[in-house]
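With mmCIF, C-alpha atoms inside, this is entry.cif:
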```
data_run
loop_
_atom_site.label_atom_id
_atom_site.label_comp_id
_atom_site.auth_asym_id
_atom_site.auth_seq_id
_atom_site.Cartn_x
_atom_site.Cartn_y
_atom_site.Cartn_z
CA MET A 1 80.65 78.74 142.37
CA ASP A 2 83.13 75.91 141.88
CA PHE A 3 85.76 75.65 139.20
CA ARG A 4 84.05 72.81 137.31
CA GLN A 5 80.93 74.93 136.86
CA LEU A 6 82.93 77.94 135.70
CA ARG A 7 84.98 75.85 133.26
CA THR A 8 81.80 74.33 131.82
CA PHE A 9 80.22 77.79 131.55
CA SER A 10 83.32 79.20 129.82
CA CYS A 11 83.47 76.35 127.30
CA VAL A 12 79.76 76.52 126.44
CA ALA A 13 79.99 80.32 126.10
CA GLU A 14 82.97 80.03 123.75
CA LEU A 15 81.46 77.30 121.57
CA GLY A 16 77.82 78.40 121.78
CA SER A 17 76.62 74.82 122.01
CA LEU A 18 76.21 72.14 124.67
CA SER A 19 76.99 69.37 122.17
CA LYS A 20 80.26 71.01 121.07
CA ALA A 21 81.23 71.64 124.69
CA SER A 22 80.43 67.99 125.46
CA ASP A 23 82.83 66.85 122.73
CA THR A 24 85.55 69.26 123.91
CA LEU A 25 85.28 68.48 127.63
CA ARG A 26 84.41 64.80 127.08
CA VAL A 27 81.49 65.06 129.48
CA ALA A 28 77.92 63.99 128.70
CA GLN A 29 75.51 66.78 127.75
CA PRO A 30 73.07 66.16 130.65
CA ALA A 31 75.93 66.58 133.14
CA LEU A 32 77.01 69.85 131.50
CA SER A 33 73.44 71.10 131.43
CA ARG A 34 73.07 70.33 135.14
CA GLN A 35 76.26 72.26 135.97
CA ILE A 36 74.98 75.30 134.05
CA LYS A 37 71.60 75.13 135.82
CA LEU A 38 73.30 74.84 139.24
CA LEU A 39 75.39 77.90 138.44
CA GLU A 40 72.32 79.85 137.31
CA HIS A 41 70.46 78.75 140.46
CA GLU A 42 73.30 79.95 142.69
CA LEU A 43 73.54 83.31 140.90
CA ARG A 44 69.73 83.56 140.66
CA ILE A 45 69.83 84.68 137.04
CA GLU A 46 69.84 83.11 133.59
CA LEU A 47 73.25 83.05 131.90
CA PHE A 48 72.13 81.72 128.51
CA THR A 49 69.22 82.07 126.16
CA ARG A 50 68.44 78.67 124.68
CA ASN A 51 67.25 78.51 121.10
CA GLY A 52 67.40 76.21 118.08
CA ARG A 53 70.80 77.59 117.08
CA GLY A 54 72.48 76.92 120.41
CA MET A 55 73.31 78.77 123.63
CA VAL A 56 73.52 82.57 123.53
CA LEU A 57 74.89 84.55 126.47
CA THR A 58 72.57 86.92 128.29
CA GLU A 59 73.86 90.26 129.58
CA ALA A 60 74.60 88.61 132.93
CA GLY A 61 76.37 85.77 131.11
CA ARG A 62 78.59 88.20 129.22
CA LEU A 63 79.51 89.90 132.50
CA LEU A 64 80.37 86.58 134.15
CA LEU A 65 82.47 85.52 131.16
CA ALA A 66 84.42 88.80 131.16
CA ARG A 67 85.17 88.42 134.89
CA THR A 68 86.03 84.72 134.99
CA SER A 69 87.51 83.65 131.63
CA GLY A 70 91.00 84.77 132.62
CA ILE A 71 90.76 82.93 135.96
CA VAL A 72 89.67 79.70 134.26
CA ARG A 73 92.53 79.92 131.76
CA GLN A 74 95.09 80.51 134.52
CA ILE A 75 93.96 77.45 136.49
CA ASP A 76 94.00 75.32 133.32
CA GLN A 77 97.53 76.52 132.60
CA ILE A 78 98.70 75.67 136.14
CA ARG A 79 97.29 72.15 135.74
CA ASP A 80 98.95 71.73 132.33
CA ASP A 81 102.34 72.93 133.61
CA ILE A 82 102.27 70.58 136.60
CA GLN A 83 101.17 67.59 134.54
CA SER A 84 103.87 68.20 131.91
CA ALA A 85 106.67 68.89 134.42
CA GLY A 86 109.58 66.63 133.48
CA GLY A 87 107.71 65.26 130.49
CA ALA A 88 106.46 66.31 127.07
CA PRO A 89 105.02 69.87 127.00
CA SER A 90 101.25 70.06 126.98
CA GLY A 91 98.53 72.67 127.31
CA ARG A 92 96.46 75.08 125.25
CA VAL A 93 97.70 78.36 123.79
CA VAL A 94 95.50 81.01 122.18
CA LEU A 95 97.46 83.20 119.76
CA GLY A 96 96.10 86.33 118.12
CA LEU A 97 97.49 87.60 114.80
CA VAL A 98 96.71 90.69 112.76
CA PRO A 99 95.57 89.61 109.25
CA THR A 100 98.66 90.78 107.37
CA VAL A 101 100.84 88.68 109.69
CA SER A 102 98.46 85.72 109.81
CA CYS A 103 98.54 85.18 106.04
CA VAL A 104 102.35 84.85 106.17
CA LEU A 105 102.89 83.10 109.49
CA SER A 106 99.86 80.98 110.50
CA ALA A 107 100.36 77.82 108.43
CA ARG A 108 104.11 77.60 109.07
CA LEU A 109 103.75 78.16 112.81
CA ALA A 110 100.95 75.60 113.06
CA ARG A 111 103.03 73.02 111.19
CA ARG A 112 106.08 73.61 113.42
CA THR A 113 103.91 73.35 116.56
CA VAL A 114 102.44 70.00 115.47
CA GLU A 115 105.87 68.64 114.57
CA ARG A 116 107.74 69.81 117.65
CA TYR A 117 105.09 69.94 120.39
CA PRO A 118 102.28 67.48 119.61
CA GLY A 119 100.96 67.78 123.17
CA ILE A 120 100.26 71.52 122.80
CA SER A 121 96.90 72.62 121.41
CA LEU A 122 97.29 75.86 119.45
CA ARG A 123 94.32 78.07 118.61
CA ILE A 124 95.01 80.94 116.16
CA VAL A 125 92.62 83.89 116.15
CA GLU A 126 92.85 86.45 113.33
CA SER A 127 91.68 90.00 113.98
CA TYR A 128 92.83 93.62 114.02
CA SER A 129 94.95 95.05 116.84
CA GLY A 130 92.11 96.77 118.72
CA HIS A 131 90.22 93.51 119.23
CA LEU A 132 93.35 91.53 120.11
CA VAL A 133 94.32 94.04 122.82
CA GLU A 134 90.84 93.76 124.37
CA TRP A 135 91.00 89.95 124.44
CA LEU A 136 94.48 90.02 125.98
CA HIS A 137 93.25 92.32 128.76
CA ARG A 138 90.27 90.05 129.43
CA GLY A 139 92.55 87.02 129.75
CA GLU A 140 90.94 85.22 126.82
CA MET A 141 94.18 85.18 124.83
CA ASP A 142 97.75 84.24 125.76
CA LEU A 143 99.81 85.90 123.03
CA ALA A 144 99.24 88.29 120.15
CA ILE A 145 101.26 89.96 117.43
CA LEU A 146 100.15 93.58 117.20
CA TYR A 147 101.40 96.57 115.28
CA GLY A 148 101.55 100.22 116.14
CA ARG A 149 102.60 102.04 119.28
CA SER A 150 102.81 99.74 122.29
CA ALA A 151 103.77 102.16 125.09
CA ASP A 152 100.23 102.64 126.43
CA LEU A 153 98.86 99.11 126.02
CA HIS A 154 99.50 97.99 129.65
CA LEU A 155 100.71 94.61 128.37
CA ASN A 156 103.97 92.69 128.44
CA VAL A 157 105.49 93.60 125.08
CA GLN A 158 108.54 92.62 123.07
CA SER A 159 109.42 94.18 119.74
CA LEU A 160 109.77 91.72 116.87
CA GLY A 161 110.98 94.28 114.35
CA ARG A 162 109.82 96.88 111.85
CA ASP A 163 107.83 96.04 108.75
CA ASN A 164 107.93 97.99 105.48
CA ILE A 165 104.72 99.37 103.97
CA VAL A 166 104.24 99.62 100.18
CA ALA A 167 101.61 101.09 97.86
CA VAL A 168 99.19 98.46 96.53
CA GLY A 169 96.97 98.90 93.48
CA PRO A 170 95.03 96.85 90.91
CA ARG A 171 96.47 95.24 87.78
CA GLY A 172 97.36 97.85 85.17
CA CYS A 173 97.36 100.79 87.58
CA GLY A 174 100.95 101.70 86.75
CA LEU A 175 102.59 101.03 90.11
CA LYS A 176 104.74 98.17 88.81
CA PRO A 177 106.66 100.20 86.17
CA LYS A 178 107.01 103.16 88.55
CA LYS A 179 108.63 100.96 91.23
CA GLN A 180 108.52 103.91 93.65
CA VAL A 181 105.90 106.56 94.42
CA ASP A 182 105.80 109.66 96.59
CA PHE A 183 103.81 109.35 99.81
CA GLY A 184 102.09 112.68 99.18
CA TRP A 185 100.91 111.53 95.72
CA LEU A 186 99.58 108.28 97.16
CA MET A 187 97.66 110.03 99.95
CA ARG A 188 95.83 112.13 97.35
CA GLN A 189 94.52 109.03 95.54
CA ARG A 190 91.28 107.27 96.37
CA LEU A 191 92.12 104.95 99.25
CA VAL A 192 90.72 101.72 100.66
CA LEU A 193 91.73 101.31 104.31
CA PRO A 194 90.66 99.70 107.58
CA SER A 195 88.47 101.79 109.89
CA HIS A 196 89.79 104.20 112.52
CA SER A 197 90.06 101.66 115.33
CA HIS A 198 92.86 99.70 113.67
CA GLY A 199 96.61 100.12 113.85
CA LEU A 200 97.38 100.42 110.13
CA ARG A 201 94.87 103.26 109.72
CA ALA A 202 96.32 105.08 112.74
CA LEU A 203 99.83 104.71 111.35
CA LEU A 204 98.85 106.18 107.99
CA GLU A 205 96.79 109.01 109.49
CA HIS A 206 99.75 109.97 111.68
CA ALA A 207 102.10 109.97 108.66
CA ALA A 208 99.62 112.02 106.61
CA ALA A 209 99.10 114.53 109.42
CA LYS A 210 102.85 115.16 109.59
CA LYS A 211 102.70 116.15 105.91
CA LYS A 212 99.45 118.10 106.45
CA ILE A 213 97.55 115.87 104.01
CA ASP A 214 93.89 114.86 104.40
CA LEU A 215 93.23 111.21 103.57
CA ASP A 216 90.63 110.55 100.87
CA VAL A 217 89.18 107.29 102.21
CA LYS A 218 86.12 106.41 100.14
CA LEU A 219 85.89 102.77 101.23
CA GLU A 220 86.70 101.07 104.54
CA ALA A 221 87.09 97.34 105.07
CA ASP A 222 87.85 95.63 108.38
CA SER A 223 88.45 92.31 106.64
CA PHE A 224 91.85 91.89 105.04
CA ARG A 225 90.43 89.72 102.26
CA VAL A 226 87.70 92.25 101.51
CA LEU A 227 90.29 95.04 101.52
CA THR A 228 92.47 93.36 98.89
CA SER A 229 89.48 92.31 96.78
CA LEU A 230 88.24 95.92 96.64
CA VAL A 231 91.66 97.02 95.42
CA GLU A 232 91.66 94.20 92.84
CA GLU A 233 88.35 95.57 91.55
CA GLY A 234 90.03 98.92 90.87
CA LEU A 235 88.14 100.78 93.59
CA GLY A 236 91.23 102.42 95.07
CA TYR A 237 94.74 102.00 96.42
CA THR A 238 95.81 100.72 99.80
CA LEU A 239 99.03 100.39 101.80
CA LEU A 240 100.20 97.03 103.13
CA PRO A 241 103.40 95.13 103.91
CA PRO A 242 104.63 93.42 100.70
CA SER A 243 104.71 89.98 102.35
CA SER A 244 100.93 90.04 102.81
CA VAL A 245 100.19 90.36 99.06
CA ARG A 246 103.10 88.36 97.67
CA ALA A 247 100.86 85.70 96.09
CA GLU A 248 98.49 88.23 94.51
CA VAL A 249 101.40 90.17 93.00
CA ALA A 250 102.99 86.97 91.64
CA GLU A 251 99.68 86.07 89.98
CA GLY A 252 99.41 89.53 88.43
CA ARG A 253 96.24 90.45 90.33
CA LEU A 254 97.84 93.34 92.21
CA GLU A 255 100.75 95.72 91.68
CA THR A 256 103.00 97.27 94.31
CA ALA A 257 105.55 100.06 94.49
CA ALA A 258 107.88 101.19 97.24
CA ILE A 259 107.16 104.51 98.92
CA ALA A 260 109.85 107.18 98.69
CA ARG A 261 111.61 108.01 101.93
CA PRO A 262 110.63 108.75 104.58
CA ALA A 263 108.21 105.87 104.10
CA PRO A 264 105.88 104.72 106.91
CA ARG A 265 106.94 101.56 108.71
CA ARG A 266 105.10 99.64 111.36
CA GLU A 267 106.52 98.14 114.52
CA LEU A 268 105.46 94.58 115.20
CA THR A 269 105.07 93.65 118.85
CA LEU A 270 104.61 90.32 120.62
CA ALA A 271 102.26 91.01 123.53
CA SER A 272 100.92 89.01 126.48
CA PRO A 273 98.80 89.87 129.54
CA VAL A 274 100.45 91.49 132.55
CA GLU A 275 98.12 89.98 135.15
CA HIS A 276 99.34 86.39 135.08
CA PRO A 277 102.61 84.62 134.28
CA GLY A 278 102.78 82.68 131.05
CA SER A 279 102.49 78.92 131.01
CA ASN A 280 105.29 76.66 129.84
CA ALA A 281 103.36 75.96 126.62
CA MET A 282 102.96 79.70 126.00
CA THR A 283 106.70 80.29 126.48
CA LEU A 284 107.54 77.54 123.97
CA ILE A 285 105.08 78.88 121.37
CA ALA A 286 106.48 82.41 121.79
CA LYS A 287 110.00 81.10 121.14
CA LEU A 288 108.81 79.10 118.13
CA LEU A 289 107.06 82.18 116.79
CA ARG A 290 110.19 84.35 117.02
CA ASP A 291 112.23 81.62 115.33
CA GLU A 292 109.71 81.38 112.49
CA VAL A 293 109.73 85.16 111.91
CA ALA A 294 113.54 85.03 111.63
CA ALA A 295 113.33 82.04 109.25
CA LEU A 296 110.83 83.81 106.97
CA ARG A 297 113.14 86.81 106.80
CA ALA A 298 116.18 84.63 106.05
CA GLU A 299 114.25 82.92 103.22
CA GLY A 300 113.30 86.28 101.69
CA LEU A 301 109.59 85.73 102.34
CA TRP A 302 109.19 88.56 104.85
CA ASP A 303 110.87 91.94 104.45
CA ILE A 304 111.12 92.75 108.14
CA GLN A 305 113.97 94.41 110.03
CA LEU A 306 114.36 92.27 113.13
CA ALA A 307 114.59 93.93 116.53
#
```
Can you turn what I pasted into structure tokens?
Amino acid sequence: MDFRQLRTFSCVAELGSLSKASDTLRVAQPALSRQIKLLEHELRIELFTRNGRGMVLTEAGRLLLARTSGIVRQIDQIRDDIQSAGGAPSGRVVLGLVPTVSCVLSARLARRTVERYPGISLRIVESYSGHLVEWLHRGEMDLAILYGRSADLHLNVQSLGRDNIVAVGPRGCGLKPKKQVDFGWLMRQRLVLPSHSHGLRALLEHAAAKKKIDLDVKLEADSFRVLTSLVEEGLGYTLLPPSSVRAEVAEGRLETAAIARPAPRRELTLASPVEHPGSNAMTLIAKLLRDEVAALRAEGLWDIQLA
């Protein structure tokens, strides 16, 4: 296996299409197809199932991608660092954000990246912590903002600060005039939360267990937008950082109230893989990210206690 074949395989696997990979790599489709066939011939197994919708990985293809995607990214990063040495920074950075951070940070960070580092290609992936941790370990992601306990993640981690959590309910639910609610009262209401694999749910279950309260979770949603829409429909309450629902509250679609002390708070962590050193582009994006978090706090748009 040579690197060109592996890079082609990785790009086609990510995009699911030879034509899209051709545009990205700027190589003609027949040449890419030949590289894939040579790789399959050498491994003596099919890596893709071809159909009208594109290229779908086989079980063997998924195994190869899991074992080689991190290697391909590391070699690409070495090339980018060498080519940009002494000149304008360049390279590709994949950043993962949990949804409640993405809705506050993504657009501003993307704008700052374009303005300051036009040679850096930034890809932002939004998902919950469990998925982001898996992609970091597989080398498919360079950086991620996670929340929850970070001691057992086996990643390079740096605390960004602690984020407040507030009660969130639909218009007319009474949270706004109350301004503050007891955590025990809130836990006895019908709740809409992410499923068990996600950091926010774990945080709330831990807080409820300390008070010996069983959560009444009637609806689960692993999409942040679905979660808030279910609350808007009056199907229950949820708990979120106030920055993530600022627009909905301003429009009168949702109401929030602080939680009486001791209120749950989440620790936000900037994480990166342990296995390989970060590229120059990754270091610059990490610094830009920390600066933007501090700026959002200074502007009153993010109620976070910085580390």
> For the file shown, what are the residues hit by the PyMOL selection byres ((chain A and resi 90) around 9), laid out as number ranges by chain?
Replying inline: A: 80-81, 83-84, 87-89, 91-92, 117-121, 280-281
> Rounded to one decimal in Å, what is the spacing between atom CA of A:Gly70 and atom CA of A:Cys11?
Replying inline: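 Calculated distance between atom CA of A:Gly70 and atom CA of A:Cys11 is 12.5 Å.
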>> Applying the PyMOL selection byres ((chain A and resi 255) around 8) to the file I just gave you, which residues come out? Please list them as an MDAnalysis selection string.
In response: chainID A and resid 168:176 249 252:254 256:257
> Leaving out A:Ala110 and any residue of its chain fewer than 6 positions from it, which residues lie within 12 Å of it when counting all atoms listed in the file, given as a PyMOL selection string?
Replying inline: chain A and resi 93-95+102+104+116-118+120-124+285+288-289+292
>> As an exercise, work out the distance from atom CA of A:Ala167 to atom CA of A:Leu186 in Å and give it to one decimal place.
In response: 7.5 Å
> Using all atoms listed in the file, which of A:Leu132, A:Val98, A:Leu219, A:Leu270 sits nearest A:Pro241?
Replying inline: A:Val98
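Between atom CA of A:Val245 and atom CA of A:Pro99 the interatomic distance comes to 11.2 Å.
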> stretch 223-230 of chain A: which residues within 8 Å, counting all atoms listed in the file, same-chain residues fewer than 6 positions away excluded, as a VMD selection string?
Replying inline: chain A and resid 99 to 100 192 to 194 236
>> Starting from the PyMOL selection byres ((chain A and resi 74) around 9), expand the selection into actual residues of this file and give them as a ChimeraX atom specification.
In response: /A:69-73,75-79,139,276-279
>> Counting only C-alpha atoms, which residue out of A:Gln305, A:Ala60, A:Ala28, A:Tyr128 sits closest to A:Arg44?
In response: A:Ala60
> Which neighbours of A:Arg190 fall inside 9 Å, counting only C-alpha atoms, when residues of the same chain fewer than 3 positions from it are skipped, and could you give them as a PyMOL selection string?
Replying inline: chain A and resi 186-187+215-219+235-238
Take the structure in the block and write a file for stretch 111-130 of chain A, N, CA, C and O atoms, as a short mmCIF file (atom, residue, chain, number, x, y, z; two decimals), in the first residue's frame.
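Output contents, as saved in decode_7.cif:
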```cif
data_model
loop_
_atom_site.label_atom_id
_atom_site.label_comp_id
_atom_site.auth_asym_id
_atom_site.auth_seq_id
_atom_site.Cartn_x
_atom_site.Cartn_y
_atom_site.Cartn_z
N ARG A 111 -15.49 32.83 10.92
CA ARG A 111 -15.20 34.17 10.37
C ARG A 111 -13.78 34.61 10.73
O ARG A 111 -13.03 35.12 9.89
N ARG A 112 -13.39 34.41 11.99
CA ARG A 112 -12.04 34.80 12.43
C ARG A 112 -10.98 33.99 11.69
O ARG A 112 -9.91 34.53 11.35
N THR A 113 -11.24 32.71 11.44
CA THR A 113 -10.27 31.86 10.75
C THR A 113 -10.06 32.36 9.31
O THR A 113 -8.93 32.48 8.84
N VAL A 114 -11.16 32.67 8.62
CA VAL A 114 -11.08 33.16 7.24
C VAL A 114 -10.32 34.48 7.19
O VAL A 114 -9.49 34.71 6.30
N GLU A 115 -10.59 35.35 8.15
CA GLU A 115 -9.96 36.67 8.16
C GLU A 115 -8.47 36.60 8.49
O GLU A 115 -7.66 37.28 7.87
N ARG A 116 -8.13 35.78 9.46
CA ARG A 116 -6.75 35.78 9.95
C ARG A 116 -5.86 34.74 9.26
O ARG A 116 -4.67 34.99 9.04
N TYR A 117 -6.43 33.59 8.94
CA TYR A 117 -5.63 32.50 8.35
C TYR A 117 -6.32 31.95 7.09
O TYR A 117 -6.84 30.84 7.09
N PRO A 118 -6.29 32.70 6.01
CA PRO A 118 -6.99 32.26 4.79
C PRO A 118 -6.43 30.98 4.19
O PRO A 118 -7.11 30.31 3.42
N GLY A 119 -5.19 30.61 4.56
CA GLY A 119 -4.61 29.39 4.02
C GLY A 119 -5.02 28.14 4.78
O GLY A 119 -4.71 27.02 4.35
N ILE A 120 -5.72 28.30 5.91
CA ILE A 120 -6.14 27.15 6.71
C ILE A 120 -7.57 26.77 6.34
O ILE A 120 -8.46 27.63 6.31
N SER A 121 -7.78 25.51 6.07
CA SER A 121 -9.12 24.98 5.80
C SER A 121 -9.69 24.41 7.10
O SER A 121 -9.10 23.48 7.68
N LEU A 122 -10.80 24.97 7.55
CA LEU A 122 -11.40 24.55 8.82
C LEU A 122 -12.69 23.79 8.55
O LEU A 122 -13.60 24.28 7.88
N ARG A 123 -12.78 22.58 9.08
CA ARG A 123 -14.01 21.79 9.00
C ARG A 123 -14.58 21.66 10.41
O ARG A 123 -13.88 21.20 11.32
N ILE A 124 -15.83 22.08 10.61
CA ILE A 124 -16.48 22.01 11.92
C ILE A 124 -17.50 20.89 11.90
O ILE A 124 -18.37 20.84 11.03
N VAL A 125 -17.37 19.98 12.85
CA VAL A 125 -18.28 18.84 12.98
C VAL A 125 -19.05 18.99 14.29
O VAL A 125 -18.45 19.14 15.35
N GLU A 126 -20.37 18.95 14.21
CA GLU A 126 -21.21 19.09 15.41
C GLU A 126 -21.76 17.74 15.83
O GLU A 126 -22.40 17.05 15.04
N SER A 127 -21.50 17.35 17.08
CA SER A 127 -22.03 16.10 17.60
C SER A 127 -21.91 16.12 19.12
O SER A 127 -21.32 17.04 19.69
N TYR A 128 -22.44 15.09 19.76
CA TYR A 128 -22.34 14.98 21.21
C TYR A 128 -20.99 14.41 21.61
O TYR A 128 -20.26 13.83 20.81
N SER A 129 -20.64 14.56 22.89
CA SER A 129 -19.30 14.25 23.38
C SER A 129 -18.86 12.82 23.08
O SER A 129 -17.71 12.59 22.71
N GLY A 130 -19.76 11.85 23.24
CA GLY A 130 -19.38 10.46 23.03
C GLY A 130 -18.85 10.20 21.64
O GLY A 130 -17.83 9.51 21.46
#
```
